[in-house]
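Student: Structure: coords_26.cif, mmCIF, N, CA and C atoms.
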```cif
data_model
loop_
_atom_site.label_atom_id
_atom_site.label_comp_id
_atom_site.auth_asym_id
_atom_site.auth_seq_id
_atom_site.Cartn_x
_atom_site.Cartn_y
_atom_site.Cartn_z
N MET B 1 -41.23 43.02 -47.86
CA MET B 1 -40.62 42.00 -47.05
C MET B 1 -39.12 42.24 -46.88
N ARG B 2 -38.48 42.67 -47.97
CA ARG B 2 -37.05 42.94 -47.90
C ARG B 2 -36.75 44.09 -46.96
N LYS B 3 -37.62 45.13 -46.98
CA LYS B 3 -37.42 46.27 -46.09
C LYS B 3 -37.54 45.85 -44.64
N CYS B 4 -38.50 45.02 -44.33
CA CYS B 4 -38.68 44.54 -42.95
C CYS B 4 -37.47 43.74 -42.50
N LEU B 5 -36.98 42.89 -43.37
CA LEU B 5 -35.81 42.08 -43.06
C LEU B 5 -34.59 42.97 -42.85
N PHE B 6 -34.44 43.98 -43.69
CA PHE B 6 -33.33 44.92 -43.57
C PHE B 6 -33.40 45.67 -42.24
N PHE B 7 -34.57 46.19 -41.89
CA PHE B 7 -34.72 46.94 -40.64
C PHE B 7 -34.55 46.02 -39.42
N ALA B 8 -35.02 44.81 -39.50
CA ALA B 8 -34.85 43.85 -38.41
C ALA B 8 -33.36 43.55 -38.21
N SER B 9 -32.64 43.39 -39.30
CA SER B 9 -31.20 43.15 -39.22
C SER B 9 -30.48 44.35 -38.63
N LEU B 10 -30.90 45.54 -39.03
CA LEU B 10 -30.30 46.76 -38.53
C LEU B 10 -30.54 46.91 -37.02
N ILE B 11 -31.74 46.63 -36.59
CA ILE B 11 -32.08 46.71 -35.16
C ILE B 11 -31.28 45.68 -34.37
N ALA B 12 -31.18 44.46 -34.90
CA ALA B 12 -30.42 43.41 -34.22
C ALA B 12 -28.95 43.80 -34.11
N LEU B 13 -28.40 44.37 -35.15
CA LEU B 13 -27.02 44.82 -35.12
C LEU B 13 -26.82 45.93 -34.09
N PHE B 14 -27.75 46.87 -34.05
CA PHE B 14 -27.68 47.95 -33.06
C PHE B 14 -27.72 47.39 -31.63
N LEU B 15 -28.59 46.43 -31.39
CA LEU B 15 -28.70 45.85 -30.06
C LEU B 15 -27.42 45.12 -29.67
N LEU B 16 -26.82 44.42 -30.61
CA LEU B 16 -25.57 43.72 -30.32
C LEU B 16 -24.45 44.70 -30.00
N VAL B 17 -24.37 45.77 -30.74
CA VAL B 17 -23.32 46.75 -30.51
C VAL B 17 -23.53 47.48 -29.19
N SER B 18 -24.75 47.80 -28.84
CA SER B 18 -25.02 48.57 -27.63
C SER B 18 -24.87 47.74 -26.35
N CYS B 19 -24.82 46.43 -26.45
CA CYS B 19 -24.71 45.58 -25.27
C CYS B 19 -23.27 45.39 -24.80
N GLY B 20 -22.32 45.70 -25.65
CA GLY B 20 -20.92 45.48 -25.31
C GLY B 20 -20.36 46.59 -24.44
N PRO B 21 -19.05 46.56 -24.24
CA PRO B 21 -18.40 47.60 -23.46
C PRO B 21 -18.64 48.98 -24.05
N ASN B 22 -18.74 49.95 -23.19
CA ASN B 22 -18.96 51.32 -23.63
C ASN B 22 -18.01 52.23 -22.84
N PRO B 23 -16.77 52.39 -23.34
CA PRO B 23 -15.77 53.19 -22.60
C PRO B 23 -16.21 54.62 -22.33
N GLU B 24 -16.99 55.21 -23.24
CA GLU B 24 -17.42 56.60 -23.03
C GLU B 24 -18.37 56.70 -21.83
N LYS B 25 -19.36 55.80 -21.75
CA LYS B 25 -20.26 55.81 -20.60
C LYS B 25 -19.50 55.48 -19.31
N SER B 26 -18.52 54.60 -19.43
CA SER B 26 -17.70 54.25 -18.28
C SER B 26 -16.97 55.48 -17.77
N ARG B 27 -16.36 56.22 -18.67
CA ARG B 27 -15.61 57.42 -18.28
C ARG B 27 -16.54 58.49 -17.66
N ILE B 28 -17.72 58.67 -18.24
CA ILE B 28 -18.67 59.65 -17.70
C ILE B 28 -19.05 59.28 -16.27
N ASN B 29 -19.36 58.01 -16.04
CA ASN B 29 -19.72 57.57 -14.68
C ASN B 29 -18.54 57.68 -13.73
N MET B 30 -17.34 57.38 -14.23
CA MET B 30 -16.17 57.48 -13.38
C MET B 30 -15.94 58.94 -12.95
N LEU B 31 -16.05 59.87 -13.88
CA LEU B 31 -15.85 61.28 -13.54
C LEU B 31 -16.92 61.78 -12.57
N LYS B 32 -18.13 61.30 -12.74
CA LYS B 32 -19.20 61.65 -11.80
C LYS B 32 -18.88 61.09 -10.41
N GLY B 33 -18.36 59.87 -10.38
CA GLY B 33 -17.96 59.26 -9.11
C GLY B 33 -16.85 60.02 -8.43
N ILE B 34 -15.90 60.52 -9.21
CA ILE B 34 -14.80 61.31 -8.64
C ILE B 34 -15.35 62.58 -8.01
N ASP B 35 -16.32 63.21 -8.68
CA ASP B 35 -16.95 64.40 -8.09
C ASP B 35 -17.59 64.08 -6.74
N TYR B 36 -18.32 62.96 -6.69
CA TYR B 36 -18.92 62.55 -5.41
C TYR B 36 -17.85 62.25 -4.37
N MET B 37 -16.80 61.58 -4.81
CA MET B 37 -15.73 61.20 -3.88
C MET B 37 -15.09 62.42 -3.23
N TYR B 38 -14.84 63.45 -4.01
CA TYR B 38 -14.19 64.64 -3.48
C TYR B 38 -15.11 65.50 -2.61
N THR B 39 -16.38 65.16 -2.58
CA THR B 39 -17.30 65.83 -1.65
C THR B 39 -17.72 64.86 -0.54
N SER B 40 -16.92 63.82 -0.35
CA SER B 40 -17.12 62.83 0.73
C SER B 40 -18.46 62.12 0.66
N GLN B 41 -18.99 61.94 -0.52
CA GLN B 41 -20.22 61.18 -0.71
C GLN B 41 -19.83 59.80 -1.26
N ASP B 42 -19.21 59.01 -0.38
CA ASP B 42 -18.60 57.76 -0.82
C ASP B 42 -19.59 56.74 -1.36
N GLU B 43 -20.76 56.60 -0.74
CA GLU B 43 -21.73 55.62 -1.23
C GLU B 43 -22.20 55.97 -2.65
N GLU B 44 -22.47 57.25 -2.89
CA GLU B 44 -22.89 57.68 -4.22
C GLU B 44 -21.76 57.47 -5.23
N ALA B 45 -20.53 57.76 -4.79
CA ALA B 45 -19.38 57.58 -5.66
C ALA B 45 -19.22 56.11 -6.03
N ILE B 46 -19.38 55.23 -5.05
CA ILE B 46 -19.25 53.79 -5.31
C ILE B 46 -20.27 53.34 -6.34
N GLU B 47 -21.49 53.84 -6.25
CA GLU B 47 -22.52 53.50 -7.25
C GLU B 47 -22.07 53.92 -8.65
N CYS B 48 -21.48 55.09 -8.77
CA CYS B 48 -21.00 55.56 -10.07
C CYS B 48 -19.84 54.70 -10.57
N PHE B 49 -18.92 54.34 -9.67
CA PHE B 49 -17.80 53.50 -10.08
C PHE B 49 -18.28 52.11 -10.46
N ASP B 50 -19.31 51.61 -9.77
CA ASP B 50 -19.91 50.33 -10.15
C ASP B 50 -20.43 50.39 -11.58
N LYS B 51 -21.11 51.49 -11.92
CA LYS B 51 -21.63 51.66 -13.28
C LYS B 51 -20.48 51.77 -14.28
N ALA B 52 -19.44 52.50 -13.91
CA ALA B 52 -18.29 52.64 -14.80
C ALA B 52 -17.67 51.28 -15.10
N ILE B 53 -17.59 50.45 -14.09
CA ILE B 53 -17.02 49.10 -14.27
C ILE B 53 -17.98 48.24 -15.07
N LYS B 54 -19.28 48.43 -14.88
CA LYS B 54 -20.26 47.68 -15.66
C LYS B 54 -20.11 47.99 -17.15
N TYR B 55 -19.89 49.25 -17.47
CA TYR B 55 -19.75 49.65 -18.88
C TYR B 55 -18.38 49.27 -19.46
N ASP B 56 -17.36 49.18 -18.61
CA ASP B 56 -16.03 48.79 -19.09
C ASP B 56 -15.30 48.11 -17.94
N GLU B 57 -15.33 46.80 -17.92
CA GLU B 57 -14.72 46.08 -16.80
C GLU B 57 -13.20 46.15 -16.79
N ASN B 58 -12.62 46.78 -17.81
CA ASN B 58 -11.16 46.98 -17.85
C ASN B 58 -10.76 48.40 -17.47
N ASN B 59 -11.67 49.16 -16.88
CA ASN B 59 -11.40 50.53 -16.47
C ASN B 59 -10.63 50.50 -15.15
N HIS B 60 -9.31 50.48 -15.26
CA HIS B 60 -8.47 50.37 -14.07
C HIS B 60 -8.64 51.55 -13.12
N GLU B 61 -8.90 52.72 -13.65
CA GLU B 61 -9.07 53.90 -12.79
C GLU B 61 -10.34 53.78 -11.94
N ALA B 62 -11.40 53.24 -12.50
CA ALA B 62 -12.64 53.08 -11.74
C ALA B 62 -12.41 52.14 -10.55
N TYR B 63 -11.64 51.08 -10.77
CA TYR B 63 -11.32 50.18 -9.65
C TYR B 63 -10.49 50.91 -8.59
N TYR B 64 -9.52 51.70 -9.05
CA TYR B 64 -8.68 52.44 -8.11
C TYR B 64 -9.52 53.39 -7.25
N TYR B 65 -10.34 54.20 -7.90
CA TYR B 65 -11.13 55.19 -7.16
C TYR B 65 -12.18 54.52 -6.28
N ARG B 66 -12.76 53.44 -6.75
CA ARG B 66 -13.74 52.74 -5.90
C ARG B 66 -13.03 52.20 -4.66
N GLY B 67 -11.80 51.72 -4.84
CA GLY B 67 -11.02 51.26 -3.69
C GLY B 67 -10.78 52.38 -2.69
N CYS B 68 -10.52 53.58 -3.19
CA CYS B 68 -10.34 54.74 -2.30
C CYS B 68 -11.60 55.01 -1.50
N CYS B 69 -12.75 54.91 -2.16
CA CYS B 69 -14.02 55.11 -1.46
C CYS B 69 -14.25 54.02 -0.42
N TYR B 70 -13.95 52.78 -0.79
CA TYR B 70 -14.12 51.70 0.19
C TYR B 70 -13.23 51.94 1.42
N MET B 71 -12.02 52.42 1.20
CA MET B 71 -11.15 52.70 2.34
C MET B 71 -11.75 53.83 3.18
N GLY B 72 -12.38 54.79 2.52
CA GLY B 72 -13.01 55.90 3.23
C GLY B 72 -14.16 55.48 4.11
N ILE B 73 -14.82 54.37 3.78
CA ILE B 73 -15.91 53.88 4.62
C ILE B 73 -15.49 52.62 5.39
N PHE B 74 -14.18 52.46 5.52
CA PHE B 74 -13.57 51.42 6.36
C PHE B 74 -13.87 49.99 5.90
N GLN B 75 -14.02 49.81 4.59
CA GLN B 75 -14.16 48.46 4.04
C GLN B 75 -12.82 48.11 3.38
N LYS B 76 -11.85 47.82 4.24
CA LYS B 76 -10.46 47.67 3.82
C LYS B 76 -10.25 46.50 2.87
N ASP B 77 -10.93 45.39 3.11
CA ASP B 77 -10.74 44.23 2.22
C ASP B 77 -11.20 44.54 0.80
N LYS B 78 -12.33 45.25 0.69
CA LYS B 78 -12.81 45.63 -0.64
C LYS B 78 -11.86 46.63 -1.30
N ALA B 79 -11.32 47.54 -0.50
CA ALA B 79 -10.38 48.52 -1.04
C ALA B 79 -9.15 47.82 -1.60
N LEU B 80 -8.57 46.92 -0.81
CA LEU B 80 -7.38 46.20 -1.27
C LEU B 80 -7.68 45.38 -2.52
N SER B 81 -8.84 44.76 -2.54
CA SER B 81 -9.23 43.96 -3.70
C SER B 81 -9.32 44.83 -4.96
N ASP B 82 -9.92 46.00 -4.84
CA ASP B 82 -10.04 46.89 -6.00
C ASP B 82 -8.67 47.42 -6.43
N TRP B 83 -7.82 47.76 -5.49
CA TRP B 83 -6.49 48.25 -5.87
C TRP B 83 -5.68 47.16 -6.56
N HIS B 84 -5.80 45.94 -6.08
CA HIS B 84 -5.09 44.83 -6.75
C HIS B 84 -5.66 44.59 -8.15
N LYS B 85 -6.96 44.75 -8.31
CA LYS B 85 -7.58 44.60 -9.63
C LYS B 85 -7.08 45.70 -10.57
N ALA B 86 -6.96 46.92 -10.07
CA ALA B 86 -6.44 48.02 -10.89
C ALA B 86 -5.02 47.70 -11.36
N ILE B 87 -4.21 47.13 -10.47
CA ILE B 87 -2.84 46.75 -10.82
C ILE B 87 -2.85 45.60 -11.83
N GLU B 88 -3.75 44.66 -11.65
CA GLU B 88 -3.87 43.55 -12.58
C GLU B 88 -4.18 44.06 -13.99
N LEU B 89 -5.03 45.06 -14.08
CA LEU B 89 -5.42 45.61 -15.38
C LEU B 89 -4.35 46.51 -15.98
N LYS B 90 -3.60 47.21 -15.13
CA LYS B 90 -2.54 48.12 -15.62
C LYS B 90 -1.39 48.07 -14.63
N GLU B 91 -0.45 47.21 -14.91
CA GLU B 91 0.63 46.91 -13.97
C GLU B 91 1.45 48.13 -13.58
N ASP B 92 1.60 49.09 -14.47
CA ASP B 92 2.44 50.25 -14.17
C ASP B 92 1.66 51.45 -13.63
N TYR B 93 0.49 51.22 -13.11
CA TYR B 93 -0.35 52.27 -12.52
C TYR B 93 0.12 52.47 -11.07
N ALA B 94 0.80 53.57 -10.81
CA ALA B 94 1.51 53.78 -9.55
C ALA B 94 0.60 54.03 -8.35
N ASP B 95 -0.53 54.68 -8.54
CA ASP B 95 -1.35 55.09 -7.40
C ASP B 95 -1.85 53.94 -6.54
N PRO B 96 -2.31 52.82 -7.12
CA PRO B 96 -2.74 51.73 -6.22
C PRO B 96 -1.60 51.17 -5.38
N TYR B 97 -0.40 51.11 -5.94
CA TYR B 97 0.75 50.64 -5.16
C TYR B 97 0.96 51.54 -3.94
N PHE B 98 0.87 52.84 -4.17
CA PHE B 98 1.06 53.79 -3.08
C PHE B 98 0.00 53.59 -1.99
N ASN B 99 -1.26 53.46 -2.38
CA ASN B 99 -2.33 53.30 -1.39
C ASN B 99 -2.20 51.99 -0.63
N ILE B 100 -1.78 50.94 -1.31
CA ILE B 100 -1.56 49.67 -0.62
C ILE B 100 -0.42 49.83 0.38
N GLY B 101 0.62 50.57 -0.02
CA GLY B 101 1.72 50.85 0.90
C GLY B 101 1.24 51.60 2.13
N LEU B 102 0.38 52.59 1.93
CA LEU B 102 -0.18 53.31 3.08
C LEU B 102 -0.97 52.39 4.00
N TYR B 103 -1.73 51.49 3.39
CA TYR B 103 -2.51 50.53 4.18
C TYR B 103 -1.57 49.71 5.08
N TYR B 104 -0.50 49.16 4.50
CA TYR B 104 0.42 48.34 5.28
C TYR B 104 1.16 49.15 6.34
N ARG B 105 1.45 50.40 6.02
CA ARG B 105 2.11 51.25 7.02
C ARG B 105 1.19 51.46 8.22
N ARG B 106 -0.10 51.65 7.96
CA ARG B 106 -1.06 51.79 9.07
C ARG B 106 -1.17 50.51 9.90
N GLN B 107 -0.87 49.38 9.26
CA GLN B 107 -0.91 48.10 9.97
C GLN B 107 0.43 47.80 10.66
N ASN B 108 1.36 48.74 10.58
CA ASN B 108 2.72 48.58 11.13
C ASN B 108 3.50 47.46 10.47
N ASP B 109 3.16 47.14 9.24
CA ASP B 109 3.90 46.15 8.46
C ASP B 109 4.80 46.94 7.49
N TYR B 110 5.93 47.38 8.03
CA TYR B 110 6.77 48.32 7.28
C TYR B 110 7.49 47.66 6.11
N SER B 111 7.78 46.39 6.20
CA SER B 111 8.45 45.74 5.07
C SER B 111 7.51 45.67 3.86
N MET B 112 6.23 45.36 4.09
CA MET B 112 5.27 45.34 2.97
C MET B 112 4.99 46.76 2.49
N ALA B 113 4.91 47.70 3.41
CA ALA B 113 4.69 49.09 3.02
C ALA B 113 5.82 49.55 2.11
N CYS B 114 7.05 49.26 2.49
CA CYS B 114 8.20 49.66 1.68
C CYS B 114 8.18 48.98 0.32
N TYR B 115 7.79 47.73 0.30
CA TYR B 115 7.70 47.02 -0.98
C TYR B 115 6.78 47.76 -1.95
N TYR B 116 5.61 48.15 -1.47
CA TYR B 116 4.65 48.84 -2.33
C TYR B 116 5.06 50.29 -2.60
N PHE B 117 5.67 50.94 -1.64
CA PHE B 117 6.15 52.30 -1.89
C PHE B 117 7.22 52.31 -2.98
N LYS B 118 8.10 51.34 -2.94
CA LYS B 118 9.15 51.26 -3.96
C LYS B 118 8.56 50.98 -5.34
N LEU B 119 7.53 50.17 -5.40
CA LEU B 119 6.86 49.94 -6.68
C LEU B 119 6.18 51.21 -7.18
N ALA B 120 5.56 51.93 -6.28
CA ALA B 120 4.93 53.20 -6.67
C ALA B 120 5.98 54.16 -7.23
N GLU B 121 7.12 54.21 -6.57
CA GLU B 121 8.20 55.07 -7.05
C GLU B 121 8.72 54.59 -8.40
N LYS B 122 8.88 53.28 -8.54
CA LYS B 122 9.36 52.70 -9.80
C LYS B 122 8.44 53.08 -10.97
N TYR B 123 7.14 53.09 -10.73
CA TYR B 123 6.18 53.36 -11.80
C TYR B 123 5.82 54.84 -11.92
N GLY B 124 6.60 55.70 -11.25
CA GLY B 124 6.48 57.12 -11.53
C GLY B 124 5.71 57.97 -10.54
N ARG B 125 5.35 57.43 -9.42
CA ARG B 125 4.67 58.26 -8.41
C ARG B 125 5.64 59.31 -7.91
N GLN B 126 5.22 60.54 -7.91
CA GLN B 126 6.07 61.66 -7.51
C GLN B 126 6.17 61.77 -5.99
N ASN B 127 7.23 62.41 -5.52
CA ASN B 127 7.43 62.74 -4.10
C ASN B 127 7.44 61.52 -3.18
N MET B 128 8.10 60.48 -3.59
CA MET B 128 8.15 59.25 -2.79
C MET B 128 9.35 59.21 -1.86
N GLU B 129 10.21 60.22 -1.90
CA GLU B 129 11.45 60.19 -1.12
C GLU B 129 11.20 59.95 0.37
N ASP B 130 10.25 60.67 0.95
CA ASP B 130 9.97 60.52 2.38
C ASP B 130 9.40 59.16 2.72
N TYR B 131 8.76 58.52 1.78
CA TYR B 131 8.16 57.22 2.04
C TYR B 131 9.19 56.09 1.96
N VAL B 132 10.20 56.25 1.13
CA VAL B 132 11.15 55.15 0.95
C VAL B 132 12.49 55.37 1.66
N LYS B 133 12.70 56.54 2.27
CA LYS B 133 14.03 56.83 2.82
C LYS B 133 14.43 55.91 3.97
N PHE B 134 13.48 55.36 4.70
CA PHE B 134 13.82 54.46 5.80
C PHE B 134 13.63 52.99 5.44
N CYS B 135 13.33 52.72 4.20
CA CYS B 135 13.03 51.35 3.82
C CYS B 135 14.21 50.40 3.96
N HIS B 136 15.43 50.90 3.87
CA HIS B 136 16.58 50.00 4.00
C HIS B 136 16.63 49.35 5.39
N TYR B 137 15.95 49.93 6.37
CA TYR B 137 15.88 49.33 7.71
C TYR B 137 14.99 48.10 7.74
N TYR B 138 14.09 47.97 6.79
CA TYR B 138 13.09 46.91 6.82
C TYR B 138 13.33 45.84 5.77
N GLU B 139 14.45 45.92 5.08
CA GLU B 139 14.73 44.91 4.04
C GLU B 139 15.46 43.71 4.60
#
```
As C-alpha cells, how would this structure be written, given the file I've shared?
Tutor:
Amino acid sequence: MRKCLFFASLIALFLLVSCGPNPEKSRINMLKGIDYMYTSQDEEAIECFDKAIKYDENNHEAYYYRGCCYMGIFQKDKALSDWHKAIELKEDYADPYFNIGLYYRRQNDYSMACYYFKLAEKYGRQNMEDYVKFCHYYE
C-alpha cells in the first residue's frame, strides 16, 4: 500500500511539474518558427510561435517573431499587438520598437515613426542613423 501511495504521489508530482511553463520547449518551437519564417512559410511559422508562447507566455522573442510573420501576411493589427506585447515583457528589446517605427513610416506618420526609431536606438539597435537623422523635422 505504501509503494502504491508513493508511486501515485510521484506521478502526481510529475504531472504538476510538466503542466507548467517549459522554456526549453518554447525555445525549440521558436527556433523552428524562425526557420519557417526565413523560408517565407509564415503560416507554419506562426503555428510554431503559438506553441512557443503556449509553453512560455513570457517569451518576448516569440511574440516579436510572430508579429513579423503577421506583418508578412498583412495582418497589421496582430503584428502591432505582438510587438507591443514583446515590449511589455522586455522593455529594452529594441527590435519591436524598430518594426513599429517602420509601420508608422509606411503610414506616413513620421512623428510616431521617429518616436519608435529613437527608442530602438536608445535600446541599442544598430545602424539607426539614417532612420533618425530627419526626426528633428517632425518633433
Student: On this structure, which residues satisfy the PyMOL selection byres ((chain B and resi 116) around 7), written as a ChimeraX atom specification?
Tutor: /B:97-98,100-102,111-115,117-121
Student: When the PyMOL selection byres ((chain B and resi 47-64) around 8) is applied to the structure above, which residues does it catch, written out as a PyMOL selection string?
Tutor: chain B and resi 20-34+41-46+65-70+79+81-90+95-96
Student: Could you work out how far atom C of Phe74 (chain B) lies from atom C of Thr39 (chain B), giving the answer in Å with one decimal?
Tutor: 16.7 Å
Student: What does the distance from atom C of Cys135 (chain B) to atom N of Ile73 (chain B) come to in Å, to one decimal?
Tutor: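 Computing it gives 29.3 Å between the two atoms.
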Student: Using only C-alpha atoms, find the one residue out of B:Tyr93, B:Asn99, B:Met71, B:Leu80 that sits nearest to Lys122 (chain B).
Tutor: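 Checking each of B:Tyr93, B:Asn99, B:Met71, B:Leu80 against Lys122 (chain B), counting only C-alpha atoms, the winner is B:Tyr93.
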Student: First collect every listed atom of region 75-92 of chain B; then fit an axis-aligned box around them, widen it by 8 Å on each side, and give centre and edge lengths in Å to one decimal, as AutoDock Vina command-line options.
Tutor:
```
--center_x -5.9 --center_y 47.5 --center_z -5.7 --size_x 32.6 --size_y 23.9 --size_z 36.6
```
Student: Just to confirm, what's the straight-line distance from atom N of Asn108 (chain B) to atom N of Gly124 (chain B) in Å (one decimal)?
Tutor: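 Separation between atom N of Asn108 (chain B) and atom N of Gly124 (chain B): 23.5 Å.
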Student: Would you give me, as JSON, numbers by chain, the residues in chain B that DSSP reads as alpha helix (DSSP H)?
Tutor: {"B": [2, 3, 4, 5, 6, 7, 8, 9, 10, 11, 12, 13, 14, 15, 16, 17, 18, 19, 23, 24, 25, 26, 27, 28, 29, 30, 31, 32, 33, 34, 35, 36, 37, 38, 42, 43, 44, 45, 46, 47, 48, 49, 50, 51, 52, 53, 54, 55, 60, 61, 62, 63, 64, 65, 66, 67, 68, 69, 70, 71, 72, 76, 77, 78, 79, 80, 81, 82, 83, 84, 85, 86, 87, 88, 89, 94, 95, 96, 97, 98, 99, 100, 101, 102, 103, 104, 105, 106, 110, 111, 112, 113, 114, 115, 116, 117, 118, 119, 120, 121, 122, 129, 130, 131, 132]}
